[in-house]
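Working notes, beginning with the structure itself.
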Amino acid sequence: MYPLGKQFEFNMNNMVSDIKCVFKGTKYRITILSERLVRLEYSKNGNFVDNPSQLVINRKFPYPNFEVLHDDNILEIKTKYFQLYYVKEAPFLGTKFDPMKNLKISLFIPGENSRDWYYTHPEVRNFYGNMISDDIEASTALKRGLYSLDGFASFDDSNSLLFESDGTAKKREDGSIDIYVFLYHKDFMAALNDYFRLTGKPDLIPRYALGNWWSRDLAYSNDDVMDVINQFERRNIPLSVILLDKGWHYLNVGDQKNLDSGFTFNPKLFKDPKETITKLHQHNVRLGLNIDPTTGLYPHEMYYQKACEYLNIKDNKIIVFDPLNPKLLDVYFKLFLHPLEALGVDFFWHDYKGNKNIYLLNLYNHYHYLDSGRNPSKRSMILSRNGILAPHRYPVLYGGISKVSWDSLREISMNNLNAANIGVSFWSHDVGGYHGGIEESELYIRHVELGTFSPILRFHAASGNYYKREPWRWDIKTQTIVADYLRLRHRLIPYLYTESYRYYNEGKTLIMPFYYQYPWVIDDKFYKYQYFLGKELLVCPIMTKKDQVMNRTIHQFYIPEGIWYDFKTGKKFPGKKKYVSFFKEEDYPVFARSGAIIPLSNRSDYNNIGLPVDLEIHIFPGVSNIYTLYEDDGLTSLYKEGFYLKTDIDYNYLQNNYTVIIRSVEGKSGVVPPQRNYKIRFRNTKAAEDVKANYNATEIPIKSMYVEENDFIVEIEHVNTIGQLTINCKGKDIEIDAVRVINEDIDSILMDLQIETDLKEKIAQIIFDEEVPIRKKRISVRKLRHQGLSKEHMNLFLKLLEYINQV
């Protein structure tokens, strides 16, 4: 065996299940891993697998509750969720007419007949969330997700590669069956926890990955890169990542043209790459490089000759890349990637498109990701196409190229949701679209808004001159809107990073599709794109063009139980109700639940995504709540050794007396800034009559208190982060009852229309008269044509009357 390195080794003690949960014969082995999860193995030769696989890296589960009955012929096992029936030694598949003759698992459904799973079950109600990046081919079975309306899902692990204890990979015995079946009914989150226990929990990505990424398929030079950064900084638009497409390395060498493979900076573009990267870091921007080893390692590379010496290759042949060759992998990492990291490269975009074998793609993702985190001072990070098997272990995933179109925007939105069906959070897309289509301002804005409220925001586009991803290439209105959302994205990082920690620590995906709680929306064109972003926010994406006459998008959305507030305006939306609203391009339907606590960065050095000294906390009224802010250095793996800080933000709500307590509750001092300036923004709240602030038991001064629109703001400076800050507010009828009313929306539309002012007054009298029925209002609006109301405006108000009638 060739020693790959300690970072690739496996703990084999985690691979063997409790013997009391294993039922084994000559050709079969059945293992009860949990009350919801069973492993089924069948081998004609009696060879069963205890090695880790590309899918499974842990089989050591807590002992589950189950009952077993068996004799020489039949095995029956029953848990809270299912009952398994198997004819011992028989093939798992029965006959064509009775596939369940030898093996079936019956899922218990309260109040209904059980639902049966069998080997080769088509599982047509599975949501297939495991998506394939654009040009990687795999069978349909490999795309299966965990979420299913059937309440069960199976994963066939029969063909994946196996790992030895040292991390080297090997092929399986042909013909063996190795399947994991999850049977959970509606308890999907419990099934997801079992899935993460089986396949490995997701890692915590570097903090910079949650900021704004910039990439174009252009051969950027040092000057080009610095110009991009300067253009962003001049406009106070934050940036955290520059991602160089393949143009950074040699593209044309001798007879070789437009090479995908490359590991040496082109000196015509970058005379001193280390100096360039140092400058990027000085601007708080991280660098990622596009690489693709699948076409081989070429003689022009800086360390090619040394690689040939190690591998005993002669005659300047192209070194064929093979991730199954541990010696080649070792040479590849040490001579081709590590020197680039020594220059300061932060991570690699593994653009593995030359080989369409999904198992080799996954294997390279696996080795590359583990190698990137070999040193505790640097957290693992890659951008790669989806290797299908346990893809959540290798963030961030690259969705592949997409077209510039509204259809593509809808597809991207649905992919973000469906990624959660396989436990993936960090599925990224080309914001704005990659190629084709028409560059429309409205589409570009909606892309950016969706990206702002997605786990990853990454710009990317083809090399053509007329693809406008740079905000400053648009008109001033578009530029202003996009810049505001990109700033908001960076301000949201404290919230997004905390939710990323919950993903790592608790298995809670950053995006939770709305259809998990409301399955009826699955086939509804208006509501199926909705999702929860983290613990506190609901996003109802806009997927359609605006109405050109009213200059707004007519958008229908559903608000769930409870009281929710528009995140931007603070307007109140009572729940369990469908709404129609009208959104300008600068507005986006994002809602915070009652009592929501959203920590935002308020720092002025825009590119810096580090821990903020200035923290702005938005608190929505109505319900008491605790939000635990998680922070660490964002770059290293020291958080696994306890170098982090958790801070509780505790909101105790009473109608006329509310308190916010901010206290450090777990971790170590020295992780976050020693002092902070707090801006507490009480949303939809009147000015309090009596406000006091205390640090621990001592009263401290309040810098300022004021009302801004419908928010009451309290600012306090220089507060120690270790300890307890308490702010108590008292007053009468504190909460502003700013319920959203459709008449206000229509009045805003009327205000902006190019119609004579006197005619607007008449339209308003008709529309807003509560005593007149809708039928008569329609007649009155039609009569206004004789007073100069155009046909298109008349039709607009007739349409608006229909929406009023639905409320």
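Identifiers in this document derive from the order of the structure tokens: chains are assigned A, B, ..., residues are numbered from 1 separately in each chain, and ligands are numbered from 1 in order of occurrence.
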
Checklist line | Contact residues around segment 4-14 of chain A with only C-alpha atoms at 10 Å, ignoring same-chain residues under 3 positions, as a VMD selection string | finding: chain A and resid 1 17 50 to 52 57 to 61 163 to 168 198 326 to 331 366 to 375

Include N, CA and C atoms and write out the residues we just selected as a JSON list (two decimals), in the first residue's frame.
```
[["chain", "number", "residue", "atom", "x", "y", "z"],
["A", 1, "MET", "N", 0.84, -1.20, 0.00],
["A", 1, "MET", "CA", 0.00, 0.00, 0.00],
["A", 1, "MET", "C", 0.88, 1.25, 0.00],
["A", 17, "SER", "N", -21.42, -2.73, 12.57],
["A", 17, "SER", "CA", -22.62, -2.52, 13.37],
["A", 17, "SER", "C", -22.64, -3.48, 14.56],
["A", 50, "ASP", "N", -17.56, -4.69, 5.07],
["A", 50, "ASP", "CA", -17.43, -3.91, 6.28],
["A", 50, "ASP", "C", -16.52, -2.70, 6.08],
["A", 51, "ASN", "N", -16.03, -2.51, 4.85],
["A", 51, "ASN", "CA", -15.21, -1.34, 4.55],
["A", 51, "ASN", "C", -16.09, -0.11, 4.40],
["A", 52, "PRO", "N", -15.52, 1.07, 4.60],
["A", 52, "PRO", "CA", -16.25, 2.28, 4.18],
["A", 52, "PRO", "C", -16.41, 2.29, 2.67],
["A", 57, "ILE", "N", -19.75, 6.00, 5.48],
["A", 57, "ILE", "CA", -18.51, 6.04, 6.25],
["A", 57, "ILE", "C", -18.74, 5.76, 7.73],
["A", 58, "ASN", "N", -19.97, 5.38, 8.11],
["A", 58, "ASN", "CA", -20.23, 5.02, 9.51],
["A", 58, "ASN", "C", -21.43, 4.07, 9.57],
["A", 59, "ARG", "N", -21.25, 2.94, 10.22],
["A", 59, "ARG", "CA", -22.36, 2.02, 10.44],
["A", 59, "ARG", "C", -22.54, 1.73, 11.93],
["A", 60, "LYS", "N", -21.87, 2.48, 12.76],
["A", 60, "LYS", "CA", -21.95, 2.26, 14.20],
["A", 60, "LYS", "C", -23.02, 3.18, 14.78],
["A", 61, "PHE", "N", -24.25, 2.68, 14.83],
["A", 61, "PHE", "CA", -25.41, 3.45, 15.29],
["A", 61, "PHE", "C", -25.76, 3.06, 16.73],
["A", 163, "PHE", "N", -13.12, 1.79, 0.45],
["A", 163, "PHE", "CA", -11.88, 2.35, 0.96],
["A", 163, "PHE", "C", -11.22, 1.39, 1.95],
["A", 164, "GLU", "N", -9.89, 1.32, 1.88],
["A", 164, "GLU", "CA", -9.11, 0.64, 2.91],
["A", 164, "GLU", "C", -8.87, 1.62, 4.05],
["A", 165, "SER", "N", -8.30, 1.14, 5.13],
["A", 165, "SER", "CA", -8.09, 2.00, 6.30],
["A", 165, "SER", "C", -7.15, 3.15, 6.00],
["A", 166, "ASP", "N", -6.22, 2.95, 5.04],
["A", 166, "ASP", "CA", -5.27, 4.03, 4.72],
["A", 166, "ASP", "C", -5.85, 5.04, 3.74],
["A", 167, "GLY", "N", -7.10, 4.83, 3.27],
["A", 167, "GLY", "CA", -7.74, 5.77, 2.37],
["A", 167, "GLY", "C", -7.66, 5.40, 0.91],
["A", 168, "THR", "N", -6.90, 4.38, 0.56],
["A", 168, "THR", "CA", -6.85, 3.95, -0.83],
["A", 168, "THR", "C", -8.16, 3.28, -1.21],
["A", 198, "LEU", "N", -24.99, 8.06, 8.78],
["A", 198, "LEU", "CA", -24.51, 6.99, 7.91],
["A", 198, "LEU", "C", -23.43, 7.47, 6.95],
["A", 326, "PRO", "N", -2.77, 5.69, -6.07],
["A", 326, "PRO", "CA", -2.39, 6.51, -4.91],
["A", 326, "PRO", "C", -1.06, 7.23, -5.10],
["A", 327, "LYS", "N", -0.10, 6.61, -5.78],
["A", 327, "LYS", "CA", 1.19, 7.27, -5.98],
["A", 327, "LYS", "C", 1.03, 8.48, -6.88],
["A", 328, "LEU", "N", 0.24, 8.33, -7.94],
["A", 328, "LEU", "CA", -0.02, 9.46, -8.83],
["A", 328, "LEU", "C", -0.74, 10.57, -8.07],
["A", 329, "LEU", "N", -1.72, 10.22, -7.25],
["A", 329, "LEU", "CA", -2.42, 11.23, -6.46],
["A", 329, "LEU", "C", -1.46, 12.00, -5.57],
["A", 330, "ASP", "N", -0.57, 11.28, -4.92],
["A", 330, "ASP", "CA", 0.40, 11.92, -4.03],
["A", 330, "ASP", "C", 1.26, 12.91, -4.79],
["A", 331, "VAL", "N", 1.73, 12.49, -5.98],
["A", 331, "VAL", "CA", 2.53, 13.38, -6.82],
["A", 331, "VAL", "C", 1.71, 14.58, -7.28],
["A", 366, "HIS", "N", -13.49, 13.52, -3.23],
["A", 366, "HIS", "CA", -13.15, 13.03, -1.89],
["A", 366, "HIS", "C", -11.69, 13.33, -1.53],
["A", 367, "TYR", "N", -10.78, 12.92, -2.40],
["A", 367, "TYR", "CA", -9.35, 13.12, -2.10],
["A", 367, "TYR", "C", -8.98, 14.60, -2.09],
["A", 368, "HIS", "N", -9.51, 15.33, -3.06],
["A", 368, "HIS", "CA", -9.18, 16.74, -3.15],
["A", 368, "HIS", "C", -9.68, 17.50, -1.92],
["A", 369, "TYR", "N", -10.90, 17.20, -1.49],
["A", 369, "TYR", "CA", -11.46, 17.91, -0.35],
["A", 369, "TYR", "C", -10.67, 17.62, 0.93],
["A", 370, "LEU", "N", -10.34, 16.34, 1.14],
["A", 370, "LEU", "CA", -9.59, 15.99, 2.35],
["A", 370, "LEU", "C", -8.18, 16.58, 2.31],
["A", 371, "ASP", "N", -7.58, 16.60, 1.13],
["A", 371, "ASP", "CA", -6.24, 17.18, 1.03],
["A", 371, "ASP", "C", -6.27, 18.68, 1.31],
["A", 372, "SER", "N", -7.33, 19.36, 0.90],
["A", 372, "SER", "CA", -7.40, 20.81, 1.10],
["A", 372, "SER", "C", -7.46, 21.17, 2.58],
["A", 373, "GLY", "N", -7.88, 20.23, 3.43],
["A", 373, "GLY", "CA", -7.95, 20.50, 4.86],
["A", 373, "GLY", "C", -6.91, 19.75, 5.66],
["A", 374, "ARG", "N", -5.80, 19.37, 5.00],
["A", 374, "ARG", "CA", -4.78, 18.55, 5.67],
["A", 374, "ARG", "C", -4.12, 19.29, 6.83],
["A", 375, "ASN", "N", -4.11, 20.60, 6.76],
["A", 375, "ASN", "CA", -3.52, 21.43, 7.81],
["A", 375, "ASN", "C", -4.63, 22.10, 8.59]]
```

Check: Which residues come within 9 Å of segment 46-48 of chain A, counting only C-alpha atoms, excluding same-chain residues fewer than 4 positions away, as a PyMOL selection string?
Finding: chain A and resi 25-29+41-42+173+176+178

Checklist line | Among listed residues A:Tyr651, A:Phe108, A:Tyr606, A:Trp214, nearest Ser594 of chain A (using only C-alpha atoms) | finding: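 Looking at the shortest contact to Ser594 of chain A, the residue is A:Tyr651.
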
Checklist line | segment 125-131 of chain A environment, 8 Å, only C-alpha atoms, sequence neighbours closer than 5 positions dropped, as a list of chain:residue names | finding: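 Final neighbour list, sorted by chain and number: A:Leu142, A:Lys143, A:Arg144, A:Gly145, A:Leu146, A:Tyr147, A:Ser148, A:Leu149, A:Asp150, A:Ala153, A:Asn386, A:Ile388, A:Asn415, A:Asn418, A:Ala419, A:Ala420, A:Asn421, A:Ile422.
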
Write out the residues from the selection above, keeping all heavy atoms, as a compact mmCIF listing (two decimals), in the first residue's frame.
```
# COMPACT_ATOMS: atom_id res chain seq x y z
N LEU A 142 -28.90 6.81 -9.47
CA LEU A 142 -27.92 7.55 -8.71
C LEU A 142 -28.40 8.95 -8.35
O LEU A 142 -27.79 9.63 -7.55
CB LEU A 142 -26.60 7.64 -9.48
CG LEU A 142 -25.81 6.35 -9.56
CD1 LEU A 142 -24.61 6.53 -10.47
CD2 LEU A 142 -25.36 5.89 -8.18
N LYS A 143 -29.48 9.40 -8.98
CA LYS A 143 -29.98 10.75 -8.71
C LYS A 143 -31.07 10.78 -7.65
O LYS A 143 -31.65 11.80 -7.39
CB LYS A 143 -30.50 11.36 -10.01
CG LYS A 143 -29.42 11.58 -11.06
CD LYS A 143 -29.96 12.34 -12.26
CE LYS A 143 -30.90 11.49 -13.08
NZ LYS A 143 -31.38 12.18 -14.30
N ARG A 144 -31.33 9.63 -7.05
CA ARG A 144 -32.42 9.56 -6.09
C ARG A 144 -32.12 10.40 -4.85
O ARG A 144 -30.99 10.46 -4.38
CB ARG A 144 -32.65 8.10 -5.69
CG ARG A 144 -33.82 7.87 -4.76
CD ARG A 144 -34.14 6.40 -4.68
NE ARG A 144 -34.74 5.93 -5.93
CZ ARG A 144 -34.78 4.66 -6.31
NH1 ARG A 144 -34.26 3.73 -5.55
NH2 ARG A 144 -35.35 4.33 -7.46
N GLY A 145 -33.15 11.05 -4.32
CA GLY A 145 -33.03 11.81 -3.09
C GLY A 145 -33.63 11.06 -1.92
O GLY A 145 -34.20 9.97 -2.06
N LEU A 146 -33.54 11.66 -0.75
CA LEU A 146 -34.08 11.03 0.45
C LEU A 146 -35.56 11.37 0.65
O LEU A 146 -36.33 10.57 1.18
CB LEU A 146 -33.28 11.49 1.67
CG LEU A 146 -33.65 10.89 3.03
CD1 LEU A 146 -33.50 9.38 3.03
CD2 LEU A 146 -32.78 11.51 4.13
N TYR A 147 -35.97 12.54 0.19
CA TYR A 147 -37.34 12.98 0.42
C TYR A 147 -38.28 12.33 -0.59
O TYR A 147 -38.06 12.37 -1.80
CB TYR A 147 -37.46 14.50 0.31
CG TYR A 147 -38.85 15.00 0.61
CD1 TYR A 147 -39.29 15.12 1.92
CD2 TYR A 147 -39.72 15.34 -0.41
CE1 TYR A 147 -40.57 15.56 2.20
CE2 TYR A 147 -41.00 15.79 -0.14
CZ TYR A 147 -41.42 15.90 1.17
OH TYR A 147 -42.69 16.34 1.45
N SER A 148 -39.36 11.73 -0.09
CA SER A 148 -40.34 11.06 -0.95
C SER A 148 -41.71 11.15 -0.31
O SER A 148 -41.86 11.03 0.91
CB SER A 148 -39.96 9.59 -1.15
OG SER A 148 -41.00 8.90 -1.81
N LEU A 149 -42.72 11.34 -1.14
CA LEU A 149 -44.09 11.34 -0.64
C LEU A 149 -44.53 9.95 -0.22
O LEU A 149 -45.52 9.80 0.50
CB LEU A 149 -45.04 11.90 -1.71
CG LEU A 149 -44.84 13.37 -2.06
CD1 LEU A 149 -45.84 13.79 -3.14
CD2 LEU A 149 -45.00 14.26 -0.84
N ASP A 150 -43.79 8.91 -0.66
CA ASP A 150 -44.09 7.56 -0.20
C ASP A 150 -43.71 7.37 1.27
O ASP A 150 -44.22 6.48 1.94
CB ASP A 150 -43.33 6.53 -1.04
CG ASP A 150 -43.98 6.28 -2.38
OD1 ASP A 150 -45.23 6.28 -2.43
OD2 ASP A 150 -43.26 6.09 -3.37
N ALA A 153 -37.27 5.73 1.02
CA ALA A 153 -36.31 5.94 -0.06
C ALA A 153 -35.18 4.95 0.11
O ALA A 153 -34.77 4.65 1.23
CB ALA A 153 -35.77 7.37 -0.04
N ASN A 386 -21.11 17.76 -9.01
CA ASN A 386 -21.68 16.83 -8.03
C ASN A 386 -21.25 15.39 -8.33
O ASN A 386 -21.53 14.85 -9.39
CB ASN A 386 -23.21 16.93 -8.07
CG ASN A 386 -23.88 16.09 -7.02
OD1 ASN A 386 -23.21 15.50 -6.17
ND2 ASN A 386 -25.19 16.04 -7.04
N ILE A 388 -22.48 12.88 -6.78
CA ILE A 388 -23.68 12.07 -6.53
C ILE A 388 -23.68 11.37 -5.17
O ILE A 388 -24.66 11.44 -4.43
CB ILE A 388 -23.91 11.04 -7.66
CG1 ILE A 388 -24.09 11.75 -8.99
CG2 ILE A 388 -25.13 10.17 -7.37
CD1 ILE A 388 -25.27 12.68 -9.06
N ASN A 415 -33.90 23.84 -8.16
CA ASN A 415 -32.72 23.04 -7.80
C ASN A 415 -32.22 23.37 -6.41
O ASN A 415 -31.78 22.48 -5.67
CB ASN A 415 -31.61 23.27 -8.82
CG ASN A 415 -31.88 22.59 -10.14
OD1 ASN A 415 -32.79 21.76 -10.25
ND2 ASN A 415 -31.11 22.92 -11.16
N ASN A 418 -34.59 21.41 -4.20
CA ASN A 418 -34.45 19.97 -4.28
C ASN A 418 -33.12 19.45 -3.74
O ASN A 418 -33.02 18.28 -3.36
CB ASN A 418 -34.65 19.50 -5.72
CG ASN A 418 -36.09 19.65 -6.17
OD1 ASN A 418 -36.99 19.84 -5.36
ND2 ASN A 418 -36.32 19.56 -7.47
N ALA A 419 -32.09 20.31 -3.73
CA ALA A 419 -30.81 19.89 -3.15
C ALA A 419 -30.99 19.46 -1.70
O ALA A 419 -30.30 18.55 -1.21
CB ALA A 419 -29.80 21.03 -3.24
N ALA A 420 -31.93 20.10 -1.00
CA ALA A 420 -32.18 19.73 0.40
C ALA A 420 -32.69 18.30 0.52
O ALA A 420 -32.53 17.67 1.58
CB ALA A 420 -33.19 20.70 1.02
N ASN A 421 -33.28 17.77 -0.54
CA ASN A 421 -33.81 16.41 -0.50
C ASN A 421 -32.73 15.35 -0.34
O ASN A 421 -33.02 14.20 -0.01
CB ASN A 421 -34.61 16.10 -1.77
CG ASN A 421 -35.82 17.00 -1.91
OD1 ASN A 421 -36.34 17.51 -0.93
ND2 ASN A 421 -36.25 17.21 -3.15
N ILE A 422 -31.49 15.73 -0.58
CA ILE A 422 -30.37 14.82 -0.38
C ILE A 422 -29.41 15.40 0.66
O ILE A 422 -28.24 15.01 0.75
CB ILE A 422 -29.67 14.52 -1.73
CG1 ILE A 422 -28.78 13.29 -1.63
CG2 ILE A 422 -28.92 15.72 -2.25
CD1 ILE A 422 -29.53 12.01 -1.36
```

Next item on the list: Output as a list in words all residues of segment 353-470 of chain A that backbone DSSP marks as strand (DSSP E or B).
Entry: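 Across segment 353-470 of chain A, those assigned strand (DSSP E or B) are Ile382, Leu383, Ser384, Leu397, Tyr398, Lys403, Trp427, Ser428, Asp430, Val431, His435, Leu457, Arg458 and Phe459 of chain A.
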
Notebook entry, point to check: Excluding same-chain residues fewer than 5 positions from segment 762-767 of chain A, what lies within 9 Å of it counting only C-alpha atoms, as a ChimeraX atom specification?
Noted result: /A:743,746-747,750,772,774,777-778,780-781,784,797,800-801

Item checked: Exercise: Arg681 of chain A partners within 8 Å, only C-alpha atoms, chain neighbours under 6 positions left out, as a PyMOL selection string -> chain A and resi 616-619+711-714

Notebook entry, point to check: Just how far from atom CA of Asn720 of chain A is atom CA of Pro674 of chain A, in Å to one decimal?
Noted result: 5.8 Å

Checklist line | Polymer residues at most 12 Å from segment 408-410 of chain A, only C-alpha atoms, same-chain spacing of 4 or more positions, as a PyMOL selection string | finding: chain A and resi 399-404+414-417+429-437+442-451+525-526+528-530+541-545

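Closest approach to Leu340 of chain A among A:Lys186, A:Lys274, A:Arg379, A:His283: A:Lys274, based on only C-alpha atoms.
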
Checklist line | Close residues, Asp157 of chain A itself excluded, 9 Å, only C-alpha atoms, min 5 positions apart in chain, as number ranges by chain | finding: A: 53-56, 177-180, 389

Please dump the current selection as a PDB file, in the first residue's frame; keep N, CA, C and O atoms.
```
ATOM      1  N   SER A  53     -17.451   2.938   2.199  1.00  0.00           N
ATOM      2  CA  SER A  53     -17.674   3.079   0.761  1.00  0.00           C
ATOM      3  C   SER A  53     -17.730   4.557   0.411  1.00  0.00           C
ATOM      4  O   SER A  53     -17.673   5.425   1.291  1.00  0.00           O
ATOM      5  N   GLN A  54     -17.883   4.841  -0.866  1.00  0.00           N
ATOM      6  CA  GLN A  54     -18.001   6.242  -1.276  1.00  0.00           C
ATOM      7  C   GLN A  54     -19.265   6.882  -0.712  1.00  0.00           C
ATOM      8  O   GLN A  54     -19.306   8.087  -0.517  1.00  0.00           O
ATOM      9  N   LEU A  55     -20.285   6.081  -0.431  1.00  0.00           N
ATOM     10  CA  LEU A  55     -21.516   6.603   0.157  1.00  0.00           C
ATOM     11  C   LEU A  55     -21.485   6.561   1.684  1.00  0.00           C
ATOM     12  O   LEU A  55     -21.852   7.525   2.338  1.00  0.00           O
ATOM     13  N   VAL A  56     -21.028   5.468   2.261  1.00  0.00           N
ATOM     14  CA  VAL A  56     -21.201   5.192   3.693  1.00  0.00           C
ATOM     15  C   VAL A  56     -19.856   5.211   4.403  1.00  0.00           C
ATOM     16  O   VAL A  56     -18.921   4.493   4.005  1.00  0.00           O
ATOM     17  N   ILE A 177     -25.182  -7.259  -3.870  1.00  0.00           N
ATOM     18  CA  ILE A 177     -26.194  -6.227  -3.649  1.00  0.00           C
ATOM     19  C   ILE A 177     -25.951  -5.609  -2.277  1.00  0.00           C
ATOM     20  O   ILE A 177     -25.748  -6.321  -1.279  1.00  0.00           O
ATOM     21  N   ASP A 178     -25.955  -4.273  -2.214  1.00  0.00           N
ATOM     22  CA  ASP A 178     -25.757  -3.553  -0.952  1.00  0.00           C
ATOM     23  C   ASP A 178     -26.661  -2.326  -0.995  1.00  0.00           C
ATOM     24  O   ASP A 178     -26.371  -1.352  -1.683  1.00  0.00           O
ATOM     25  N   ILE A 179     -27.780  -2.381  -0.264  1.00  0.00           N
ATOM     26  CA  ILE A 179     -28.810  -1.341  -0.340  1.00  0.00           C
ATOM     27  C   ILE A 179     -29.168  -0.848   1.060  1.00  0.00           C
ATOM     28  O   ILE A 179     -29.237  -1.647   2.010  1.00  0.00           O
ATOM     29  N   TYR A 180     -29.391   0.461   1.157  1.00  0.00           N
ATOM     30  CA  TYR A 180     -29.853   1.075   2.408  1.00  0.00           C
ATOM     31  C   TYR A 180     -31.263   1.617   2.164  1.00  0.00           C
ATOM     32  O   TYR A 180     -31.485   2.365   1.207  1.00  0.00           O
ATOM     33  N   LEU A 389     -22.597  10.684  -4.807  1.00  0.00           N
ATOM     34  CA  LEU A 389     -22.582   9.888  -3.574  1.00  0.00           C
ATOM     35  C   LEU A 389     -22.207  10.774  -2.391  1.00  0.00           C
ATOM     36  O   LEU A 389     -21.098  11.299  -2.313  1.00  0.00           O
TER      37      LEU A 389
END
```

Next item on the list: Please indicate the distance in Å from atom CA of Asn728 of chain A to atom CA of Leu600 of chain A, rounded to one decimal place.
Entry: 20.9 Å

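Comparing A:Gln231, A:Asn805, A:Asn73, A:Thr628 by their smallest distance to Glu470 of chain A, the closest is A:Gln231 (using only C-alpha atoms).
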
Notebook entry, point to check: How many Å separate atom CA of Ile661 of chain A from atom CA of Ile727 of chain A?
Noted result: 6.5 Å

Output as CSV one row per residue of segment 602-687 of chain A within 12 Å of segment 589-593 of chain A: the closest atom pair and its distance in Å to one decimal place, counting only C-alpha atoms, sorted by chain and residue number ascending.
```
residue,atom,partner,partner_atom,distance
A:His618,CA,A:Ala592,CA,9.9
A:Ile619,CA,A:Ala592,CA,9.3
A:Phe620,CA,A:Ala592,CA,7.4
A:Pro621,CA,A:Arg593,CA,9.1
A:Gly622,CA,A:Arg593,CA,9.3
A:Val623,CA,A:Arg593,CA,9.1
A:Ser624,CA,A:Arg593,CA,11.3
A:Asn625,CA,A:Arg593,CA,10.5
A:Arg683,CA,A:Ala592,CA,10.4
A:Asn684,CA,A:Ala592,CA,12.0
```

With C-alpha atoms retained, could you export that selection as a short mmCIF file (atom, residue, chain, number, x, y, z; two decimals), in the first residue's frame?
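Done, and the output landed in again30.cif:
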```cif
data_model
loop_
_atom_site.label_atom_id
_atom_site.label_comp_id
_atom_site.auth_asym_id
_atom_site.auth_seq_id
_atom_site.Cartn_x
_atom_site.Cartn_y
_atom_site.Cartn_z
CA HIS A 618 -33.22 43.09 13.89
CA ILE A 619 -35.92 41.94 16.29
CA PHE A 620 -39.51 41.42 15.20
CA PRO A 621 -42.28 41.76 17.80
CA GLY A 622 -45.02 39.49 19.04
CA VAL A 623 -43.30 36.38 20.44
CA SER A 624 -40.41 35.74 22.83
CA ASN A 625 -37.46 34.01 21.20
CA ARG A 683 -39.04 46.33 13.97
CA ASN A 684 -42.59 47.70 13.76
#
```

Check: Which residue, A:Ile680, A:Leu37, A:Ile804, A:Leu486, has the smallest gap to Phe196 of chain A when you use only C-alpha atoms?
Finding: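 The closest residue to Phe196 of chain A is A:Leu37.
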